[in-house]
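Asks: I have a structure I would like to understand better, so I am pasting it below and will then ask my questions one at a time.
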Amino acid sequence: MRTTDFSAAPPQARGEAMFIGATHYSGPRSLLSLARPWLRMVRTMKRMDGYRWHKVYLQGPFTLGTIAVFADREALMRFARTSAHRDLMCWMTDRGERNGTAGFIRIFDAQPGGYSNGEWRAEGREMAHIEEFTPIGREESGPPVHRKAKRS
């Protein structure tokens, strides 16, 4: 069901700004020395007003990434200004390629509307499908959602 009310949904659905980033570390030594500043940064992030949720992912032997959701872009940018975050970024970038060899950050803003159903639906507990897909390109309306025939 289409909705603009995510109050019944999990924390990551209630955020309006999402950060995704990854860093390719130079090896096991840099990953070990990362532990202390990274844990400090995560503690700081979790205490921030506007923090909603985060997950860390592993890609390849030495790449760690983070997906983090905040209430809004301002809350995310306030976190970026914390000393814990700045210290970690300096640790990463101020020593050439000693600690890491690559990294990226992308920031995304949520659209006002989305989809929810069942217990995560604030307007009701229906587990219903939408009637038509969201329009794309130059469409005025999307095509109908085709249902599978119910089996008896």
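Note on naming: chains are A, B, ... as they come in the structure tokens, residues start from 1 per chain, ligands start from 1 in the order shown.
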Residues near A:Phe79, anyone? I mean within 12 Å using only C-alpha atoms, not counting same-chain ones fewer than 6 positions away, as a list in words.
Replies: Phe19, Met41, Val42, Arg43, Thr44, Met45, Lys46, Arg47, Met48, Asp49, Gly50, Tyr51, Ala68, Val69, Phe70, Ala71, Asp72, Arg73, His85 and Arg86 of chain A
Asks: As a ChimeraX atom specification, which residues of chain A does DSSP assign to alpha helix (DSSP H)?
Replies: /A:11-14,28-47,73-80,83-93
Asks: With only C-alpha atoms as the basis for distance, which of A:Ser7, A:Gln59, A:Ser141, A:Thr101 is at the shortest distance from A:Ser30?
Replies: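 Of A:Ser7, A:Gln59, A:Ser141, A:Thr101, the one nearest A:Ser30, counting only C-alpha atoms, is A:Thr101.
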Asks: Find the residues around A:Ile67 up to 8 Å (only C-alpha atoms counted), leave out those fewer than 2 positions away in its own chain, and share them as a ChimeraX atom specification.
Replies: /A:18-21,54-56,65,69
Asks: Which residues are near A:Asn117? Cut-off 9 Å, only C-alpha atoms, ignore same chain within fewer than 6 positions. Put them as a count of residues only.
Replies: 8
Asks: Report as a PyMOL selection string all protein, DNA and RNA residues lying within 8 Å of A:Pro144, evaluated on only C-alpha atoms, omitting residues in the same chain fewer than 3 positions from it.
Replies: chain A and resi 131-133
Asks: Nearest to A:Ala80 among A:Ile107, A:Gly60, A:Gly137, A:Gly96, with distances taken over only C-alpha atoms: which residue is it?
Replies: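 The shortest atom-to-atom distance to A:Ala80 comes from A:Ile107.
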Asks: DSSP says strand (DSSP E) for which residues of stretch 5-113 of chain A? Put them as a PyMOL selection string?
Replies: chain A and resi 17-25+51-59+63-70+100-109
Asks: Which is closer to A:Arg106 than all the others in A:Thr66, A:Ile136, A:Arg78, A:Ser83, using only C-alpha atoms?
Replies: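 Of the candidates, the smallest distance to A:Arg106 is held by A:Thr66.
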